[in-house]
file query_36.cif (mmCIF, C-alpha atoms, pLDDT in the B column; chains and numbers go by the auth columns)
data_model
loop_
_atom_site.group_PDB
_atom_site.id
_atom_site.type_symbol
_atom_site.label_atom_id
_atom_site.label_comp_id
_atom_site.label_asym_id
_atom_site.label_seq_id
_atom_site.Cartn_x
_atom_site.Cartn_y
_atom_site.Cartn_z
_atom_site.B_iso_or_equiv
_atom_site.auth_seq_id
_atom_site.auth_asym_id
ATOM 1 C CA MET A 1 -32.543 23.070 -26.947 93.00 717 L
ATOM 2 C CA LYS A 2 -36.220 23.846 -26.430 96.00 718 L
ATOM 3 C CA ILE A 3 -38.006 25.634 -29.287 97.00 719 L
ATOM 4 C CA LEU A 4 -41.503 27.054 -29.397 97.00 720 L
ATOM 5 C CA THR A 5 -43.068 28.097 -32.696 97.00 721 L
ATOM 6 C CA LEU A 6 -46.640 29.317 -32.847 95.00 722 L
ATOM 7 C CA ASN A 7 -49.025 31.275 -35.030 94.00 723 L
ATOM 8 C CA THR A 8 -50.497 33.656 -32.457 93.00 724 L
ATOM 9 C CA TRP A 9 -53.538 34.421 -34.622 89.00 725 L
ATOM 10 C CA GLN A 10 -52.809 38.115 -34.106 85.00 726 L
ATOM 11 C CA GLU A 11 -55.359 40.038 -32.054 84.00 727 L
ATOM 12 C CA MET A 12 -58.337 38.007 -33.224 82.00 728 L
ATOM 13 C CA GLY A 13 -60.935 36.359 -31.029 85.00 729 L
ATOM 14 C CA PRO A 14 -60.181 36.010 -27.314 89.00 730 L
ATOM 15 C CA TRP A 15 -56.560 37.038 -27.808 85.00 731 L
ATOM 16 C CA GLN A 16 -55.950 38.245 -24.231 88.00 732 L
ATOM 17 C CA GLN A 17 -56.903 34.845 -22.803 92.00 733 L
ATOM 18 C CA ARG A 18 -54.834 33.097 -25.468 92.00 734 L
ATOM 19 C CA TRP A 19 -51.792 35.175 -24.515 93.00 735 L
ATOM 20 C CA GLU A 20 -52.232 34.296 -20.839 94.00 736 L
ATOM 21 C CA VAL A 21 -51.898 30.629 -21.817 95.00 737 L
ATOM 22 C CA ILE A 22 -48.939 31.333 -24.146 96.00 738 L
ATOM 23 C CA LEU A 23 -47.044 33.373 -21.550 96.00 739 L
ATOM 24 C CA ASP A 24 -47.752 30.793 -18.851 96.00 740 L
ATOM 25 C CA GLY A 25 -46.369 28.098 -21.161 96.00 741 L
ATOM 26 C CA ILE A 26 -43.208 30.105 -21.821 97.00 742 L
ATOM 27 C CA ARG A 27 -42.634 30.596 -18.093 94.00 743 L
ATOM 28 C CA ARG A 28 -43.354 26.932 -17.378 96.00 744 L
ATOM 29 C CA PHE A 29 -41.358 25.266 -20.180 96.00 745 L
ATOM 30 C CA ARG A 30 -38.642 27.953 -20.572 96.00 746 L
ATOM 31 C CA PRO A 31 -37.837 27.539 -24.273 97.00 747 L
ATOM 32 C CA ASP A 32 -34.449 28.766 -25.512 97.00 748 L
ATOM 33 C CA LEU A 33 -35.912 30.076 -28.731 97.00 749 L
ATOM 34 C CA VAL A 34 -39.428 31.321 -29.516 98.00 750 L
ATOM 35 C CA ALA A 35 -40.702 32.021 -33.037 98.00 751 L
ATOM 36 C CA PHE A 36 -44.086 33.678 -33.439 97.00 752 L
ATOM 37 C CA GLN A 37 -46.101 34.318 -36.555 96.00 753 L
ATOM 38 C CA GLU A 38 -48.953 36.845 -36.848 94.00 754 L
ATOM 39 C CA LEU A 39 -47.551 39.111 -34.139 94.00 755 L
ATOM 40 C CA PHE A 40 -48.086 42.499 -35.786 92.00 756 L
ATOM 41 C CA ASN A 41 -48.063 44.825 -32.786 91.00 757 L
ATOM 42 C CA HIS A 42 -44.479 45.887 -32.008 92.00 758 L
ATOM 43 C CA SER A 43 -45.315 47.323 -28.590 92.00 759 L
ATOM 44 C CA TRP A 44 -47.008 44.036 -27.643 92.00 760 L
ATOM 45 C CA ALA A 45 -43.940 42.127 -28.916 94.00 761 L
ATOM 46 C CA GLN A 46 -41.800 44.268 -26.593 95.00 762 L
ATOM 47 C CA GLU A 47 -44.183 43.629 -23.690 94.00 763 L
ATOM 48 C CA ILE A 48 -43.831 39.883 -24.296 95.00 764 L
ATOM 49 C CA GLN A 49 -40.052 40.293 -24.217 96.00 765 L
ATOM 50 C CA LYS A 50 -40.239 42.176 -20.922 96.00 766 L
ATOM 51 C CA THR A 51 -42.672 39.658 -19.402 95.00 767 L
ATOM 52 C CA THR A 52 -40.688 36.579 -20.448 96.00 768 L
ATOM 53 C CA GLY A 53 -37.193 37.931 -19.798 96.00 769 L
ATOM 54 C CA PHE A 54 -35.743 37.211 -23.228 97.00 770 L
ATOM 55 C CA PRO A 55 -32.795 39.564 -23.780 97.00 771 L
ATOM 56 C CA THR A 56 -33.180 39.526 -27.571 97.00 772 L
ATOM 57 C CA LEU A 57 -36.230 40.272 -29.704 97.00 773 L
ATOM 58 C CA LEU A 58 -35.972 40.260 -33.494 96.00 774 L
ATOM 59 C CA PHE A 59 -39.090 41.662 -35.120 96.00 775 L
ATOM 60 C CA SER A 60 -40.153 41.963 -38.739 92.00 776 L
ATOM 61 C CA PRO A 61 -40.721 45.683 -39.254 78.00 777 L
ATOM 62 C CA GLU A 62 -42.466 45.190 -42.582 77.00 778 L
ATOM 63 C CA LYS A 63 -46.175 45.841 -42.654 73.00 779 L
ATOM 64 C CA ASN A 64 -47.982 42.504 -42.386 77.00 780 L
ATOM 65 C CA GLY A 65 -44.670 40.755 -41.635 87.00 781 L
ATOM 66 C CA GLY A 66 -45.884 39.476 -38.288 94.00 782 L
ATOM 67 C CA LEU A 67 -42.696 37.521 -37.500 97.00 783 L
ATOM 68 C CA ALA A 68 -40.913 37.661 -34.153 97.00 784 L
ATOM 69 C CA LEU A 69 -38.000 35.727 -32.705 98.00 785 L
ATOM 70 C CA TYR A 70 -37.009 35.711 -29.029 98.00 786 L
ATOM 71 C CA THR A 71 -33.793 34.156 -27.760 98.00 787 L
ATOM 72 C CA HIS A 72 -31.240 34.057 -24.964 96.00 788 L
ATOM 73 C CA TYR A 73 -28.394 33.390 -27.415 97.00 789 L
ATOM 74 C CA ALA A 74 -26.096 35.960 -29.029 97.00 790 L
ATOM 75 C CA VAL A 75 -27.276 37.088 -32.477 98.00 791 L
ATOM 76 C CA PRO A 76 -24.374 38.391 -34.594 97.00 792 L
ATOM 77 C CA SER A 77 -26.490 38.724 -37.744 96.00 793 L
ATOM 78 C CA TRP A 78 -30.092 38.610 -38.875 97.00 794 L
ATOM 79 C CA ASP A 79 -32.386 39.897 -41.585 96.00 795 L
ATOM 80 C CA VAL A 80 -35.903 39.779 -42.997 96.00 796 L
ATOM 81 C CA VAL A 81 -36.393 38.660 -46.610 96.00 797 L
ATOM 82 C CA LYS A 82 -39.521 39.160 -48.712 96.00 798 L
ATOM 83 C CA LEU A 83 -40.970 36.056 -50.366 97.00 799 L
ATOM 84 C CA SER A 84 -43.002 35.815 -53.551 95.00 800 L
ATOM 85 C CA GLN A 85 -46.462 37.281 -53.319 95.00 801 L
ATOM 86 C CA SER A 86 -49.445 35.085 -53.879 95.00 802 L
ATOM 87 C CA PRO A 87 -51.806 36.242 -56.632 96.00 803 L
ATOM 88 C CA LEU A 88 -54.593 35.383 -54.147 95.00 804 L
ATOM 89 C CA GLU A 89 -53.350 37.637 -51.314 94.00 805 L
ATOM 90 C CA GLU A 90 -52.944 41.407 -51.124 92.00 806 L
ATOM 91 C CA TYR A 91 -49.774 41.347 -49.006 91.00 807 L
ATOM 92 C CA PHE A 92 -46.330 39.807 -48.998 94.00 808 L
ATOM 93 C CA ARG A 93 -44.965 36.986 -46.869 95.00 809 L
ATOM 94 C CA TYR A 94 -41.498 37.012 -45.299 97.00 810 L
ATOM 95 C CA VAL A 95 -38.832 34.909 -43.653 97.00 811 L
ATOM 96 C CA LEU A 96 -36.945 36.246 -40.636 97.00 812 L
ATOM 97 C CA TRP A 97 -33.586 34.526 -40.272 98.00 813 L
ATOM 98 C CA ALA A 98 -30.852 34.787 -37.663 98.00 814 L
ATOM 99 C CA GLU A 99 -27.422 33.422 -36.922 97.00 815 L
ATOM 100 C CA LEU A 100 -27.202 32.372 -33.273 97.00 816 L
ATOM 101 C CA HIS A 101 -24.127 31.490 -31.238 96.00 817 L
ATOM 102 C CA VAL A 102 -25.039 28.429 -29.197 96.00 818 L
ATOM 103 C CA ASN A 103 -22.442 26.857 -26.916 93.00 819 L
ATOM 104 C CA GLY A 104 -19.551 27.764 -29.206 94.00 820 L
ATOM 105 C CA SER A 105 -21.345 26.760 -32.412 94.00 821 L
ATOM 106 C CA ARG A 106 -23.390 28.607 -34.997 95.00 822 L
ATOM 107 C CA LEU A 107 -27.049 27.788 -35.501 96.00 823 L
ATOM 108 C CA PHE A 108 -29.127 29.395 -38.228 97.00 824 L
ATOM 109 C CA VAL A 109 -32.848 29.768 -37.620 98.00 825 L
ATOM 110 C CA PHE A 110 -35.525 30.648 -40.147 98.00 826 L
ATOM 111 C CA ASN A 111 -39.023 31.763 -39.115 98.00 827 L
ATOM 112 C CA THR A 112 -41.633 32.100 -41.851 97.00 828 L
ATOM 113 C CA HIS A 113 -45.333 32.118 -42.614 96.00 829 L
ATOM 114 C CA PHE A 114 -46.304 30.792 -46.040 96.00 830 L
ATOM 115 C CA SER A 115 -49.434 31.678 -48.003 95.00 831 L
ATOM 116 C CA TRP A 116 -52.440 30.007 -46.481 92.00 832 L
ATOM 117 C CA LEU A 117 -55.192 29.419 -49.025 92.00 833 L
ATOM 118 C CA PRO A 118 -55.639 25.688 -49.771 91.00 834 L
ATOM 119 C CA GLU A 119 -55.717 26.332 -53.526 93.00 835 L
ATOM 120 C CA ASP A 120 -52.429 28.273 -53.359 93.00 836 L
ATOM 121 C CA GLY A 121 -50.034 25.325 -53.306 93.00 837 L
ATOM 122 C CA ALA A 122 -48.015 26.719 -56.234 95.00 838 L
ATOM 123 C CA THR A 123 -47.160 29.865 -54.273 96.00 839 L
ATOM 124 C CA ARG A 124 -46.270 27.843 -51.168 95.00 840 L
ATOM 125 C CA ASN A 125 -43.963 25.665 -53.276 95.00 841 L
ATOM 126 C CA LYS A 126 -42.252 28.776 -54.638 97.00 842 L
ATOM 127 C CA GLN A 127 -41.903 30.194 -51.114 97.00 843 L
ATOM 128 C CA VAL A 128 -40.360 26.894 -49.945 96.00 844 L
ATOM 129 C CA ASP A 129 -37.843 27.102 -52.795 97.00 845 L
ATOM 130 C CA GLU A 130 -36.985 30.691 -51.797 98.00 846 L
ATOM 131 C CA VAL A 131 -36.395 29.678 -48.165 97.00 847 L
ATOM 132 C CA LEU A 132 -34.240 26.743 -49.304 96.00 848 L
ATOM 133 C CA TYR A 133 -32.217 29.116 -51.484 97.00 849 L
ATOM 134 C CA LEU A 134 -31.779 31.473 -48.516 97.00 850 L
ATOM 135 C CA ILE A 135 -30.580 28.587 -46.353 96.00 851 L
ATOM 136 C CA GLN A 136 -28.018 27.611 -48.989 95.00 852 L
ATOM 137 C CA LYS A 137 -26.895 31.229 -49.302 95.00 853 L
ATOM 138 C CA GLU A 138 -26.594 32.076 -45.594 94.00 854 L
ATOM 139 C CA ALA A 139 -25.793 28.718 -44.005 92.00 855 L
ATOM 140 C CA PRO A 140 -24.600 26.232 -46.637 87.00 856 L
ATOM 141 C CA SER A 141 -22.642 24.050 -44.204 87.00 857 L
ATOM 142 C CA GLU A 142 -24.125 25.005 -40.843 87.00 858 L
ATOM 143 C CA GLU A 143 -26.819 23.582 -38.604 88.00 859 L
ATOM 144 C CA GLY A 144 -30.237 25.111 -39.137 94.00 860 L
ATOM 145 C CA VAL A 145 -33.837 25.067 -38.025 96.00 861 L
ATOM 146 C CA VAL A 146 -36.848 26.096 -40.105 97.00 862 L
ATOM 147 C CA MET A 147 -39.986 26.941 -38.190 97.00 863 L
ATOM 148 C CA GLY A 148 -43.191 28.804 -38.736 96.00 864 L
ATOM 149 C CA ASP A 149 -46.681 28.447 -40.059 95.00 865 L
ATOM 150 C CA LEU A 150 -46.084 26.469 -43.216 94.00 866 L
ATOM 151 C CA ASN A 151 -49.787 26.144 -44.090 91.00 867 L
ATOM 152 C CA ALA A 152 -49.242 22.787 -45.757 82.00 868 L
ATOM 153 C CA THR A 153 -51.592 19.849 -45.640 71.00 869 L
ATOM 154 C CA ARG A 154 -48.829 17.372 -46.512 63.00 870 L
#
call {"tool": "encode", "arguments": {"input": "query_36.cif", "output": "structure tokens"}}
result
Amino acid sequence: MKILTLNTWQEMGPWQQRWEVILDGIRRFRPDLVAFQELFNHSWAQEIQKTTGFPTLLFSPEKNGGLALYTHYAVPSWDVVKLSQSPLEEYFRYVLWAELHVNGSRLFVFNTHFSWLPEDGATRNKQVDEVLYLIQKEAPSEEGVVMGDLNATR
């Protein structure tokens, strides 16, 4: 299975040129699963889906969620869960999770974006614990993949 996970850096800087490279990479390497962070524009997320041919797009509808998941596999269930808010940020972070059916087996995937400030390690640790709890709750004995922008130095 080929997986791509990438913080797209939203629509900052030379974002059109960056997306040309990203879309070219998707066409070239043909990942089975793509997890993006900082993709806030739902219409652009749909355009990516159309351009890349992924039949399924899961998108975090929450303001500032910025999480998207594209896949060719069947998705019988999925959800978006709010994580603890950092006292140093004005918005919440989330984890988008999905159950995929892959070649007769279940695979649980978790896409997240933890708090980013270097001095905010305590919040990141709490967010890690919340994702681990979610994994135990949703997929205690199943295969799983955690991806995203973890913003950790070690």
call {"tool": "resolve_selection", "arguments": {"input": "query_36.cif", "expression": "the PyMOL selection byres ((chain L and resi 783-790) around 8)", "output": "ChimeraX atom specification"}}
result
/L:748-756,761,765,770-776,781-782,791-792,810-812,816-818,827-829
call {"tool": "closest_residue", "arguments": {"input": "query_36.cif", "among": "L:Leu823, L:Ile719, L:Ala838, L:Ile764", "to": "Glu859 in chain L", "atoms": "all atoms listed in the file"}}
result
L:Leu823
call {"tool": "residues_around", "arguments": {"input": "query_36.cif", "residues": "Ser857 in chain L", "least_positions_apart": "4", "cutoff": "12 Å", "atoms": "all atoms listed in the file", "output": "mmCIF file with C-alpha atoms, keeping the file's coordinate frame"}}
result
data_model
loop_
_atom_site.group_PDB
_atom_site.id
_atom_site.type_symbol
_atom_site.label_atom_id
_atom_site.label_comp_id
_atom_site.auth_asym_id
_atom_site.auth_seq_id
_atom_site.Cartn_x
_atom_site.Cartn_y
_atom_site.Cartn_z
ATOM 1 C CA ARG L 822 -23.390 28.607 -34.997
ATOM 2 C CA LEU L 823 -27.049 27.788 -35.501
ATOM 3 C CA PHE L 824 -29.127 29.395 -38.228
ATOM 4 C CA ILE L 851 -30.580 28.587 -46.353
ATOM 5 C CA GLN L 852 -28.018 27.611 -48.989
ATOM 6 C CA LYS L 853 -26.895 31.229 -49.302
#
call {"tool": "closest_residue", "arguments": {"input": "query_36.cif", "among": "L:Glu727, L:Phe745, L:Lys779, L:Asp795", "to": "Arg809 in chain L", "atoms": "only C-alpha atoms"}}
result
L:Lys779
call {"tool": "axis_aligned_box", "arguments": {"input": "query_36.cif", "around": "range 846-865 of chain L", "padding_each_side": "8 Å", "output": "AutoDock Vina command-line options"}}
result
--center_x -34.7 --center_y 27.8 --center_z -44.9 --size_x 40.0 --size_y 24.5 --size_z 29.8
call {"tool": "atom_distance", "arguments": {"input": "query_36.cif", "atom1": "CA of Asn867 in chain L", "atom2": "CA of Pro803 in chain L"}}
result
16.2 Å
call {"tool": "atom_distance", "arguments": {"input": "query_36.cif", "atom1": "CA of Ser793 in chain L", "atom2": "CA of Glu846 in chain L"}}
result
19.3 Å
call {"tool": "atom_distance", "arguments": {"input": "query_36.cif", "atom1": "CA of Leu833 in chain L", "atom2": "CA of Leu804 in chain L"}}
result
7.9 Å
call {"tool": "residues_near_point", "arguments": {"input": "query_36.cif", "point": "(-52.7, 32.2, -25.0)", "cutoff": "12 Å", "atoms": "only C-alpha atoms", "output": "PDB file with C-alpha atoms, keeping the file's coordinate frame"}}
result
ATOM      1  CA  LEU L 722     -46.640  29.317 -32.847  1.00 95.00           C
ATOM      2  CA  ASN L 723     -49.025  31.275 -35.030  1.00 94.00           C
ATOM      3  CA  THR L 724     -50.497  33.656 -32.457  1.00 93.00           C
ATOM      4  CA  TRP L 725     -53.538  34.421 -34.622  1.00 89.00           C
ATOM      5  CA  GLN L 726     -52.809  38.115 -34.106  1.00 85.00           C
ATOM      6  CA  GLU L 727     -55.359  40.038 -32.054  1.00 84.00           C
ATOM      7  CA  MET L 728     -58.337  38.007 -33.224  1.00 82.00           C
ATOM      8  CA  GLY L 729     -60.935  36.359 -31.029  1.00 85.00           C
ATOM      9  CA  PRO L 730     -60.181  36.010 -27.314  1.00 89.00           C
ATOM     10  CA  TRP L 731     -56.560  37.038 -27.808  1.00 85.00           C
ATOM     11  CA  GLN L 732     -55.950  38.245 -24.231  1.00 88.00           C
ATOM     12  CA  GLN L 733     -56.903  34.845 -22.803  1.00 92.00           C
ATOM     13  CA  ARG L 734     -54.834  33.097 -25.468  1.00 92.00           C
ATOM     14  CA  TRP L 735     -51.792  35.175 -24.515  1.00 93.00           C
ATOM     15  CA  GLU L 736     -52.232  34.296 -20.839  1.00 94.00           C
ATOM     16  CA  VAL L 737     -51.898  30.629 -21.817  1.00 95.00           C
ATOM     17  CA  ILE L 738     -48.939  31.333 -24.146  1.00 96.00           C
ATOM     18  CA  LEU L 739     -47.044  33.373 -21.550  1.00 96.00           C
ATOM     19  CA  ASP L 740     -47.752  30.793 -18.851  1.00 96.00           C
ATOM     20  CA  GLY L 741     -46.369  28.098 -21.161  1.00 96.00           C
ATOM     21  CA  ILE L 742     -43.208  30.105 -21.821  1.00 97.00           C
ATOM     22  CA  ILE L 764     -43.831  39.883 -24.296  1.00 95.00           C
TER      23      ILE L 764
END
call {"tool": "residues_around", "arguments": {"input": "query_36.cif", "residues": "Asn841 in chain L", "least_positions_apart": "4", "cutoff": "12 Å", "atoms": "only C-alpha atoms", "output": "list in words"}}
result
Leu799, Ser800, Gln801, Ser802, Phe830, Ser831, Trp832, Glu835, Asp836, Gly837, Asp845, Glu846, Val847, Leu848, Leu866, Asn867, Ala868 and Arg870 of chain L
call {"tool": "closest_residue", "arguments": {"input": "query_36.cif", "among": "L:Tyr807, L:Val844, L:Arg743, L:Glu858", "to": "Val825 in chain L", "atoms": "only C-alpha atoms"}}
result
L:Glu858
call {"tool": "closest_residue", "arguments": {"input": "query_36.cif", "among": "L:Tyr849, L:Gly860, L:Glu778, L:Glu805", "to": "Ser821 in chain L", "atoms": "all atoms listed in the file"}}
result
L:Gly860
call {"tool": "closest_residue", "arguments": {"input": "query_36.cif", "among": "L:Phe826, L:Lys766, L:Gly820, L:Lys842", "to": "Thr721 in chain L", "atoms": "all atoms listed in the file"}}
result
L:Phe826
call {"tool": "closest_residue", "arguments": {"input": "query_36.cif", "among": "L:Arg744, L:Pro777, L:Val796, L:Gln843", "to": "His758 in chain L", "atoms": "only C-alpha atoms"}}
result
L:Pro777
call {"tool": "decode", "arguments": {"input": "query_36.cif", "residues": "range 745-849 of chain L", "atoms": "C-alpha atoms", "output": "short mmCIF file (atom, residue, chain, number, x, y, z; two decimals), in the first residue's frame"}}
result
data_model
loop_
_atom_site.label_atom_id
_atom_site.label_comp_id
_atom_site.auth_asym_id
_atom_site.auth_seq_id
_atom_site.Cartn_x
_atom_site.Cartn_y
_atom_site.Cartn_z
CA PHE L 745 3.30 7.56 -7.76
CA ARG L 746 -0.43 6.67 -7.55
CA PRO L 747 -0.81 6.34 -3.78
CA ASP L 748 -3.73 4.27 -2.45
CA LEU L 749 -4.36 6.67 0.39
CA VAL L 750 -3.66 10.40 0.67
CA ALA L 751 -3.90 12.38 3.91
CA PHE L 752 -3.58 16.15 3.76
CA GLN L 753 -3.35 18.67 6.56
CA GLU L 754 -4.04 22.41 6.21
CA LEU L 755 -6.46 21.94 3.32
CA PHE L 756 -9.20 24.36 4.37
CA ASN L 757 -10.93 25.05 1.06
CA HIS L 758 -13.63 22.42 0.44
CA SER L 759 -14.12 23.33 -3.21
CA TRP L 760 -10.36 22.97 -3.79
CA ALA L 761 -10.45 19.59 -1.98
CA GLN L 762 -13.18 18.50 -4.41
CA GLU L 763 -11.14 19.76 -7.37
CA ILE L 764 -8.19 17.66 -6.17
CA GLN L 765 -10.50 14.64 -5.98
CA LYS L 766 -11.72 15.25 -9.53
CA THR L 767 -8.18 15.81 -10.85
CA THR L 768 -6.68 12.74 -9.18
CA GLY L 769 -9.59 10.35 -9.72
CA PHE L 770 -10.03 9.28 -6.11
CA PRO L 771 -13.61 8.04 -5.67
CA THR L 772 -13.71 8.93 -1.97
CA LEU L 773 -12.94 12.23 -0.25
CA LEU L 774 -13.40 12.58 3.51
CA PHE L 775 -13.11 16.19 4.62
CA SER L 776 -13.13 17.80 8.05
CA PRO L 777 -16.04 20.24 7.93
CA GLU L 778 -15.00 21.98 11.13
CA LYS L 779 -13.64 25.47 10.78
CA ASN L 780 -9.84 25.29 10.87
CA GLY L 781 -10.01 21.47 10.69
CA GLY L 782 -8.00 21.35 7.49
CA LEU L 783 -7.92 17.53 7.29
CA ALA L 784 -8.68 15.57 4.13
CA LEU L 785 -8.42 11.90 3.25
CA TYR L 786 -8.60 10.49 -0.28
CA THR L 787 -8.84 6.77 -1.01
CA HIS L 788 -9.84 4.13 -3.53
CA TYR L 789 -10.97 1.75 -0.77
CA ALA L 790 -14.49 1.34 0.63
CA VAL L 791 -15.13 3.44 3.75
CA PRO L 792 -17.93 1.95 5.88
CA SER L 793 -17.39 4.40 8.75
CA TRP L 794 -15.52 7.58 9.57
CA ASP L 795 -15.66 10.59 11.84
CA VAL L 796 -13.85 13.74 12.94
CA VAL L 797 -12.96 14.15 16.63
CA LYS L 798 -11.94 17.38 18.35
CA LEU L 799 -8.69 17.30 20.33
CA SER L 800 -7.71 19.40 23.32
CA GLN L 801 -7.14 23.04 22.57
CA SER L 802 -3.77 24.55 23.20
CA PRO L 803 -3.77 27.57 25.53
CA LEU L 804 -1.37 29.12 22.97
CA GLU L 805 -3.69 28.77 19.95
CA GLU L 806 -7.09 30.29 19.21
CA TYR L 807 -8.50 27.24 17.41
CA PHE L 808 -8.98 23.54 17.94
CA ARG L 809 -7.10 20.63 16.40
CA TYR L 810 -8.79 17.45 15.15
CA VAL L 811 -8.25 13.87 14.08
CA LEU L 812 -10.10 12.48 11.07
CA TRP L 813 -10.35 8.70 11.27
CA ALA L 814 -11.77 6.11 8.89
CA GLU L 815 -12.33 2.39 8.67
CA LEU L 816 -11.23 1.12 5.26
CA HIS L 817 -11.90 -2.25 3.66
CA VAL L 818 -8.65 -3.33 2.04
CA ASN L 819 -8.46 -6.68 0.26
CA GLY L 820 -10.94 -8.33 2.63
CA SER L 821 -9.43 -6.82 5.78
CA ARG L 822 -10.16 -3.75 7.87
CA LEU L 823 -7.61 -0.98 8.17
CA PHE L 824 -8.13 2.01 10.43
CA VAL L 825 -6.46 5.27 9.45
CA PHE L 826 -6.04 8.38 11.57
CA ASN L 827 -5.08 11.76 10.08
CA THR L 828 -4.25 14.56 12.50
CA HIS L 829 -2.41 17.83 12.92
CA PHE L 830 -1.07 18.52 16.42
CA SER L 831 -0.37 21.93 17.94
CA TRP L 832 2.75 23.40 16.44
CA LEU L 833 4.45 25.84 18.80
CA PRO L 834 7.79 24.45 20.06
CA GLU L 835 6.96 25.42 23.66
CA ASP L 836 3.62 23.58 23.48
CA GLY L 837 4.88 20.05 24.09
CA ALA L 838 2.39 19.48 26.93
CA THR L 839 -0.56 20.04 24.59
CA ARG L 840 0.97 17.79 21.92
CA ASN L 841 1.44 15.05 24.53
CA LYS L 842 -2.21 15.38 25.54
CA GLN L 843 -3.29 15.25 21.88
CA VAL L 844 -1.19 12.10 21.37
CA ASP L 845 -2.92 10.50 24.37
CA GLU L 846 -6.33 11.43 22.91
CA VAL L 847 -5.46 9.86 19.54
CA LEU L 848 -4.18 6.72 21.30
CA TYR L 849 -7.44 6.53 23.25
#
